[in-house]
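J.: Okay, here's the structure, questions in a sec.
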Amino acid sequence: MKLAVRALVVAALLACAGAHAQSPVVAAEQIAVGSRPYAVQASIAGAGRYTVIFESGFGTGLGAWRKVAPELAKDASVLTYSRAGHGTSEARPEPRTIAQNTNELEQLIAAQKLAPPFILVGHSYGGLLARAYAARHPAQVAGLVLVDPSDERFNAGLRKLDAKRAAADDAQFAAIVPPKFKPELALLQPVLDGAAPPYSGKLPDVPTVVLTSVQQSEKPMFFLETADAVAIKKSLHADFLRQFSKGSQVVTTKSGHNIQLEEPELVIAAVRDVIVLADRKHN
């Protein structure tokens, strides 16, 4: 699996591409969202003190959580959805920026009258989106679970290791991104390259778990699959957690980038751990 900032984006797109065609375990529906209504493919199930909101990786829809969300619906209310232009969600004319995706999540939450506290779960690029929502609405968020998340510092780390090989990876990734996602990737690129912050504001100090894949390939196809590159990612994830008083890292060698599909039990356990810690914090 491709394992890093730009690679995380493309890996999620490639490895989860089949999720669009597969029906999620929890039935989804088309929900009218916004003052000028547009359709969003979403599924809401379960009940509980917390609402767990899932953000999928770049280019993937709600089917990416089909092995996780139904189990967590036993403990909490869960929301899975496909962003605009993904799955069966209606495409939108606005540029696909982190800010715009966050705006549209706000609209979906309002349309469904979902009440905090929220636990945000983000995979890959979805980790940036989960962080963006948490920074914008810190009082609403009770916890974070980030599944092999993108880190805006990673590309810079790769370039320091070997600028030529990092550039070769860039060219290969650009060539395999489907045309419909190229405009969004172009807008995301300054964030991935560390030239622009992914959002403004400070994250709330809430229980947070980061799951990190350190799976190794015997014959890496990409520079970012090498041991040195994976070590940078692991270190960046650990560094990110230092800002939280209750932060922990789960490292796996068994899964590639799509931990939620290969080892869904790790994601389920992480969310449940965050729920326990959030309960302790607020009781």
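The chains in the structure tokens are called A, B, ... from first to last as shown; in each chain the residues are counted from 1, and the ligands are counted from 1 in the order shown.
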Quick one: residues within 8 Å of range 43-49 of chain A, only C-alpha atoms counted, chain neighbours fewer than 4 positions away excluded, as a PyMOL selection string?
T.: chain A and resi 26-29+70+72-81+117
J.: Atoms to include: C-alpha atoms. Write the selected residues as a compact mmCIF listing (two decimals), in the first residue's frame.
T.:
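Wrote out_30.txt, looks like this:
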```txt
# COMPACT_ATOMS: atom_id res chain seq x y z
CA VAL A 26 -25.85 -0.41 7.06
CA ALA A 27 -28.39 0.77 4.48
CA ALA A 28 -27.73 4.24 3.11
CA GLU A 29 -30.22 6.80 1.87
CA PRO A 70 -22.19 -1.61 11.99
CA LEU A 72 -19.92 0.56 16.54
CA ALA A 73 -23.64 1.20 16.03
CA LYS A 74 -24.10 -1.16 19.00
CA ASP A 75 -22.48 1.47 21.25
CA ALA A 76 -23.25 4.85 19.70
CA SER A 77 -25.02 6.70 16.95
CA VAL A 78 -22.90 6.45 13.80
CA LEU A 79 -22.87 8.59 10.68
CA THR A 80 -21.18 7.45 7.49
CA TYR A 81 -21.51 9.46 4.33
CA PRO A 117 -20.66 15.27 21.57
```
J.: Could you pull the residues within 12 Å of Ser235 in chain A, counting only C-alpha atoms, minus those fewer than 5 positions along the same chain, as a ChimeraX atom specification?
T.: /A:151,153-154,157,210,212-214,228-230,240-242,249,251
J.: Write a file of the selected residues as a compact mmCIF listing (two decimals), in the first residue's frame, keeping all heavy atoms.
T.:
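Output file result-v7.txt is given in full below:
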```txt
# COMPACT_ATOMS: atom_id res chain seq x y z
N ASP A 151 -0.35 13.41 6.83
CA ASP A 151 0.34 14.41 7.64
C ASP A 151 1.01 15.39 6.68
O ASP A 151 1.78 14.99 5.81
CB ASP A 151 1.38 13.77 8.56
CG ASP A 151 1.93 14.75 9.58
OD1 ASP A 151 2.57 15.75 9.16
OD2 ASP A 151 1.72 14.54 10.79
N ARG A 153 3.33 17.24 6.87
CA ARG A 153 4.79 17.39 6.96
C ARG A 153 5.55 16.26 6.26
O ARG A 153 6.77 16.30 6.16
CB ARG A 153 5.21 17.42 8.44
CG ARG A 153 4.57 18.55 9.25
CD ARG A 153 4.77 18.34 10.74
NE ARG A 153 4.02 17.18 11.22
CZ ARG A 153 4.11 16.69 12.46
NH1 ARG A 153 4.93 17.26 13.34
NH2 ARG A 153 3.39 15.64 12.81
N PHE A 154 4.81 15.27 5.77
CA PHE A 154 5.48 14.06 5.30
C PHE A 154 6.25 14.27 4.00
O PHE A 154 7.38 13.79 3.84
CB PHE A 154 4.47 12.94 5.13
CG PHE A 154 5.12 11.61 4.86
CD1 PHE A 154 5.54 10.80 5.90
CD2 PHE A 154 5.32 11.18 3.57
CE1 PHE A 154 6.15 9.58 5.64
CE2 PHE A 154 5.93 9.96 3.31
CZ PHE A 154 6.34 9.16 4.35
N GLY A 157 9.54 15.64 4.53
CA GLY A 157 10.45 14.65 5.07
C GLY A 157 11.00 13.72 4.00
O GLY A 157 12.18 13.38 4.00
N VAL A 210 -4.22 7.38 17.19
CA VAL A 210 -3.74 7.33 15.81
C VAL A 210 -3.31 5.90 15.52
O VAL A 210 -2.50 5.33 16.25
CB VAL A 210 -2.57 8.30 15.57
CG1 VAL A 210 -1.99 8.10 14.18
CG2 VAL A 210 -3.03 9.74 15.75
N THR A 212 -1.33 3.51 12.92
CA THR A 212 -0.25 3.68 11.95
C THR A 212 0.14 2.35 11.34
O THR A 212 0.48 1.40 12.07
CB THR A 212 0.99 4.30 12.63
OG1 THR A 212 0.64 5.52 13.26
CG2 THR A 212 2.09 4.55 11.60
N SER A 213 0.09 2.27 10.03
CA SER A 213 0.59 1.07 9.34
C SER A 213 2.09 1.21 9.10
O SER A 213 2.55 2.21 8.56
CB SER A 213 -0.11 0.90 7.99
OG SER A 213 0.58 -0.05 7.19
N VAL A 214 2.82 0.19 9.51
CA VAL A 214 4.26 0.13 9.22
C VAL A 214 4.57 -1.13 8.42
O VAL A 214 5.70 -1.62 8.43
CB VAL A 214 5.11 0.19 10.51
CG1 VAL A 214 4.94 1.52 11.20
CG2 VAL A 214 4.76 -0.96 11.46
N ASP A 228 12.85 3.61 5.54
CA ASP A 228 13.15 4.96 6.03
C ASP A 228 11.93 5.88 5.93
O ASP A 228 11.67 6.69 6.83
CB ASP A 228 14.31 5.57 5.23
CG ASP A 228 15.66 4.94 5.58
OD1 ASP A 228 15.73 4.26 6.64
OD2 ASP A 228 16.62 5.13 4.82
N ALA A 229 11.19 5.76 4.83
CA ALA A 229 10.01 6.59 4.65
C ALA A 229 8.92 6.23 5.66
O ALA A 229 8.29 7.11 6.26
CB ALA A 229 9.48 6.46 3.23
N VAL A 230 8.71 4.94 5.87
CA VAL A 230 7.69 4.50 6.82
C VAL A 230 8.07 4.95 8.24
O VAL A 230 7.20 5.33 9.04
CB VAL A 230 7.52 2.98 6.76
CG1 VAL A 230 6.63 2.48 7.89
CG2 VAL A 230 6.94 2.58 5.41
N PHE A 240 2.51 14.13 16.43
CA PHE A 240 1.19 14.74 16.41
C PHE A 240 0.46 14.49 17.73
O PHE A 240 -0.24 15.37 18.26
CB PHE A 240 0.38 14.18 15.24
CG PHE A 240 -1.07 14.54 15.26
CD1 PHE A 240 -1.50 15.78 14.80
CD2 PHE A 240 -2.01 13.63 15.72
CE1 PHE A 240 -2.85 16.11 14.82
CE2 PHE A 240 -3.36 13.96 15.74
CZ PHE A 240 -3.78 15.20 15.29
N LEU A 241 0.62 13.30 18.30
CA LEU A 241 -0.11 12.94 19.51
C LEU A 241 0.38 13.66 20.75
O LEU A 241 -0.33 13.69 21.77
CB LEU A 241 0.00 11.42 19.73
CG LEU A 241 -0.88 10.56 18.82
CD1 LEU A 241 -0.44 9.11 18.87
CD2 LEU A 241 -2.34 10.69 19.24
N ARG A 242 1.54 14.27 20.69
CA ARG A 242 2.10 14.92 21.89
C ARG A 242 1.27 16.11 22.36
O ARG A 242 1.42 16.56 23.49
CB ARG A 242 3.55 15.33 21.63
CG ARG A 242 4.48 14.13 21.47
CD ARG A 242 5.95 14.52 21.44
NE ARG A 242 6.77 13.34 21.32
CZ ARG A 242 7.29 12.88 20.18
NH1 ARG A 242 7.07 13.56 19.05
NH2 ARG A 242 8.02 11.78 20.15
N GLN A 249 -0.87 5.75 20.26
CA GLN A 249 -0.62 5.29 18.90
C GLN A 249 -0.70 3.77 18.86
O GLN A 249 -0.13 3.08 19.70
CB GLN A 249 0.77 5.74 18.44
CG GLN A 249 1.08 5.40 16.98
CD GLN A 249 2.43 5.95 16.55
OE1 GLN A 249 3.35 6.11 17.35
NE2 GLN A 249 2.56 6.27 15.26
N VAL A 251 0.24 0.72 16.41
CA VAL A 251 1.08 0.43 15.24
C VAL A 251 0.80 -1.00 14.78
O VAL A 251 0.75 -1.93 15.59
CB VAL A 251 2.57 0.59 15.60
CG1 VAL A 251 3.46 0.21 14.41
CG2 VAL A 251 2.85 2.04 16.03
```
J.: Can you tell me how far CA of Pro149 in chain A sits from CA of Ala84 in chain A, in Å to one decimal?
T.: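 So the answer is 20.6 Å.
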J.: Give me the residues within 9 Å of Ala270 in chain A as a count of residues only, counting only C-alpha atoms and dropping any in the same chain fewer than 5 places off.
T.: 8
J.: Rank A:Gly85, A:Gly122, A:Gly256, A:Gly34 by their smallest atom-to-atom distance to Ala64 in chain A, using only C-alpha atoms, and report the top residue only.
T.: A:Gly122
J.: Would you please work out which residue, of A:Phe222, A:Leu120, A:Leu188, A:Pro179, is nearest to Ala167 in chain A when using only C-alpha atoms?
T.: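 Ranked by minimum distance to Ala167 in chain A, first place goes to A:Phe222.
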J.: Can you list every residue in range 112-219 of chain A that DSSP puts in strand (DSSP E or B), as an MDAnalysis selection string?
T.: chainID A and resid 118:123 141:147 208:213
J.: Could you pull out the alpha helix (DSSP H) residues of range 190-249 of chain A from DSSP and send them as a list in words?
T.: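 The alpha helix (DSSP H) subset of range 190-249 of chain A is Pro190, Val191, Leu192, Ala227, Asp228, Ala229, Val230, Ala231, Ile232, Lys233, Lys234, Ser235, Leu236, His237, Ala238, Asp239, Phe240 and Leu241 of chain A.
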J.: Would you put the residues from that selection into a file with N, CA and C atoms, as a PDB file, in the first residue's frame?
T.:
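Wrote result_19.pdb, looks like this:
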```
ATOM      1  N   PRO A 190      -1.036  22.040  -2.193  1.00  0.00           N
ATOM      2  CA  PRO A 190      -0.258  22.928  -1.309  1.00  0.00           C
ATOM      3  C   PRO A 190      -0.260  22.472   0.144  1.00  0.00           C
ATOM      4  N   VAL A 191      -1.375  21.853   0.580  1.00  0.00           N
ATOM      5  CA  VAL A 191      -1.423  21.313   1.944  1.00  0.00           C
ATOM      6  C   VAL A 191      -0.483  20.126   2.073  1.00  0.00           C
ATOM      7  N   LEU A 192      -0.546  19.226   1.098  1.00  0.00           N
ATOM      8  CA  LEU A 192       0.304  18.044   1.150  1.00  0.00           C
ATOM      9  C   LEU A 192       1.783  18.392   1.109  1.00  0.00           C
ATOM     10  N   ALA A 227      11.662   1.447   4.142  1.00  0.00           N
ATOM     11  CA  ALA A 227      11.716   1.448   5.607  1.00  0.00           C
ATOM     12  C   ALA A 227      11.961   2.851   6.166  1.00  0.00           C
ATOM     13  N   ASP A 228      12.850   3.612   5.535  1.00  0.00           N
ATOM     14  CA  ASP A 228      13.152   4.959   6.026  1.00  0.00           C
ATOM     15  C   ASP A 228      11.934   5.878   5.932  1.00  0.00           C
ATOM     16  N   ALA A 229      11.189   5.756   4.834  1.00  0.00           N
ATOM     17  CA  ALA A 229      10.007   6.594   4.655  1.00  0.00           C
ATOM     18  C   ALA A 229       8.920   6.235   5.661  1.00  0.00           C
ATOM     19  N   VAL A 230       8.708   4.945   5.870  1.00  0.00           N
ATOM     20  CA  VAL A 230       7.695   4.502   6.825  1.00  0.00           C
ATOM     21  C   VAL A 230       8.072   4.953   8.242  1.00  0.00           C
ATOM     22  N   ALA A 231       9.353   4.945   8.553  1.00  0.00           N
ATOM     23  CA  ALA A 231       9.806   5.402   9.871  1.00  0.00           C
ATOM     24  C   ALA A 231       9.476   6.873  10.079  1.00  0.00           C
ATOM     25  N   ILE A 232       9.579   7.677   9.025  1.00  0.00           N
ATOM     26  CA  ILE A 232       9.217   9.090   9.138  1.00  0.00           C
ATOM     27  C   ILE A 232       7.732   9.232   9.449  1.00  0.00           C
ATOM     28  N   LYS A 233       6.918   8.496   8.734  1.00  0.00           N
ATOM     29  CA  LYS A 233       5.475   8.563   8.982  1.00  0.00           C
ATOM     30  C   LYS A 233       5.146   8.187  10.424  1.00  0.00           C
ATOM     31  N   LYS A 234       5.715   7.090  10.896  1.00  0.00           N
ATOM     32  CA  LYS A 234       5.461   6.650  12.269  1.00  0.00           C
ATOM     33  C   LYS A 234       5.860   7.728  13.268  1.00  0.00           C
ATOM     34  N   SER A 235       7.010   8.356  13.031  1.00  0.00           N
ATOM     35  CA  SER A 235       7.489   9.404  13.925  1.00  0.00           C
ATOM     36  C   SER A 235       6.576  10.632  13.898  1.00  0.00           C
ATOM     37  N   LEU A 236       6.102  11.003  12.711  1.00  0.00           N
ATOM     38  CA  LEU A 236       5.209  12.164  12.606  1.00  0.00           C
ATOM     39  C   LEU A 236       3.885  11.914  13.320  1.00  0.00           C
ATOM     40  N   HIS A 237       3.366  10.704  13.198  1.00  0.00           N
ATOM     41  CA  HIS A 237       2.133  10.371  13.899  1.00  0.00           C
ATOM     42  C   HIS A 237       2.339  10.465  15.412  1.00  0.00           C
ATOM     43  N   ALA A 238       3.455   9.951  15.884  1.00  0.00           N
ATOM     44  CA  ALA A 238       3.747  10.018  17.321  1.00  0.00           C
ATOM     45  C   ALA A 238       3.897  11.468  17.777  1.00  0.00           C
ATOM     46  N   ASP A 239       4.551  12.277  16.960  1.00  0.00           N
ATOM     47  CA  ASP A 239       4.737  13.687  17.307  1.00  0.00           C
ATOM     48  C   ASP A 239       3.395  14.413  17.360  1.00  0.00           C
ATOM     49  N   PHE A 240       2.514  14.129  16.426  1.00  0.00           N
ATOM     50  CA  PHE A 240       1.188  14.744  16.415  1.00  0.00           C
ATOM     51  C   PHE A 240       0.459  14.493  17.731  1.00  0.00           C
ATOM     52  N   LEU A 241       0.617  13.301  18.297  1.00  0.00           N
ATOM     53  CA  LEU A 241      -0.109  12.936  19.510  1.00  0.00           C
ATOM     54  C   LEU A 241       0.383  13.664  20.755  1.00  0.00           C
TER      55      LEU A 241
END
```
J.: Mind checking which residues fall within 9 Å of Ala32 in chain A, counting only C-alpha atoms, ignoring those fewer than 5 positions away in the same chain, and posting them as a PyMOL selection string?
T.: chain A and resi 37-40+108+111
J.: Check the smallest atom-to-atom distance from each of A:Leu129, A:Leu105, A:Ala91, A:Val177 to Ser56 in chain A using only C-alpha atoms, then report the winner.
T.: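 Closest to Ser56 in chain A, using only C-alpha atoms: A:Leu129.
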J.: Can I get the residues of range 59-118 of chain A within 10 Å of range 199-202 of chain A, each with the closest pair of atoms and their distance in Å to one decimal, using only C-alpha atoms, sorted chain first then ascending number, as a tab-separated table?
T.:
```
residue	atom	partner	partner_atom	distance
A:Ile98	CA	A:Tyr199	CA	7.5
A:Ala99	CA	A:Tyr199	CA	7.4
A:Thr102	CA	A:Tyr199	CA	10.0
```
J.: For the residues in that selection, give me N, CA and C atoms as a PDB file, in the first residue's frame.
T.:
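Listed below is the output, result_28.pdb:
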```
ATOM      1  N   ILE A  98     -10.551  21.677   1.714  1.00  0.00           N
ATOM      2  CA  ILE A  98     -10.820  21.199   3.066  1.00  0.00           C
ATOM      3  C   ILE A  98     -11.911  22.037   3.710  1.00  0.00           C
ATOM      4  N   ALA A  99     -11.838  23.344   3.529  1.00  0.00           N
ATOM      5  CA  ALA A  99     -12.847  24.231   4.123  1.00  0.00           C
ATOM      6  C   ALA A  99     -14.239  23.936   3.576  1.00  0.00           C
ATOM      7  N   THR A 102     -15.616  20.747   4.930  1.00  0.00           N
ATOM      8  CA  THR A 102     -16.041  20.956   6.310  1.00  0.00           C
ATOM      9  C   THR A 102     -17.377  21.678   6.358  1.00  0.00           C
TER      10      THR A 102
END
```
J.: Counting only C-alpha atoms, which of A:Ala69, A:Val52, A:Leu161, A:Val33 gets nearest to Asn103 in chain A?
T.: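 Looking only at the distances to Asn103 in chain A, the closest residue turns out to be A:Val33.
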J.: Just checking: using only C-alpha atoms, which residue out of A:Ser35, A:Leu146, A:Asp193, A:Ala168 ends up closest to Glu104 in chain A?
T.: A:Ser35
J.: Quick one: of A:Glu218, A:Glu262, A:Glu106, A:Asp170, who's nearest to Ala132 in chain A, counting only C-alpha atoms?
T.: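 Closest to Ala132 in chain A of all the choices is A:Glu106.
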J.: Find the residues near Gln41 in chain A: any atom within 8 Å, counting only C-alpha atoms, skip ones fewer than 6 places away on the same chain, and give them as a list in words.
T.: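 Once the nearby chain positions are removed, what remains is Ala28, Glu29, Gln30, Ile31, Tyr81, Ser82, Arg83, Gly87, Thr88 and Ser89 of chain A.
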J.: Write out, as a compact mmCIF listing (two decimals), in the first residue's frame, the residues just selected, with N, CA and C atoms.
T.:
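In the end it all went to out_5.txt:
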```txt
# COMPACT_ATOMS: atom_id res chain seq x y z
N ALA A 28 -27.90 2.81 3.28
CA ALA A 28 -27.73 4.24 3.11
C ALA A 28 -28.95 4.81 2.41
N GLU A 29 -29.13 6.11 2.54
CA GLU A 29 -30.22 6.80 1.87
C GLU A 29 -29.72 8.12 1.32
N GLN A 30 -30.51 8.73 0.45
CA GLN A 30 -30.19 10.03 -0.09
C GLN A 30 -30.85 11.08 0.80
N ILE A 31 -30.04 11.97 1.36
CA ILE A 31 -30.53 12.98 2.29
C ILE A 31 -30.42 14.36 1.65
N TYR A 81 -20.97 8.74 5.48
CA TYR A 81 -21.51 9.46 4.33
C TYR A 81 -20.46 9.55 3.24
N SER A 82 -20.93 9.85 2.04
CA SER A 82 -20.04 10.07 0.90
C SER A 82 -20.01 11.55 0.59
N ARG A 83 -18.82 12.11 0.50
CA ARG A 83 -18.72 13.53 0.19
C ARG A 83 -19.23 13.81 -1.22
N GLY A 87 -19.50 8.22 -4.27
CA GLY A 87 -20.63 7.32 -4.10
C GLY A 87 -21.80 7.79 -4.94
N THR A 88 -22.99 7.90 -4.31
CA THR A 88 -24.15 8.43 -5.01
C THR A 88 -24.49 9.85 -4.57
N SER A 89 -23.57 10.51 -3.87
CA SER A 89 -23.78 11.90 -3.48
C SER A 89 -23.68 12.81 -4.69
```
J.: Any idea what's packed within 10 Å of Leu277 in chain A, counting only C-alpha atoms, ignoring anything in its chain fewer than 6 positions away? Could you give it as a ChimeraX atom specification?
T.: /A:142-143,206-208,246,271
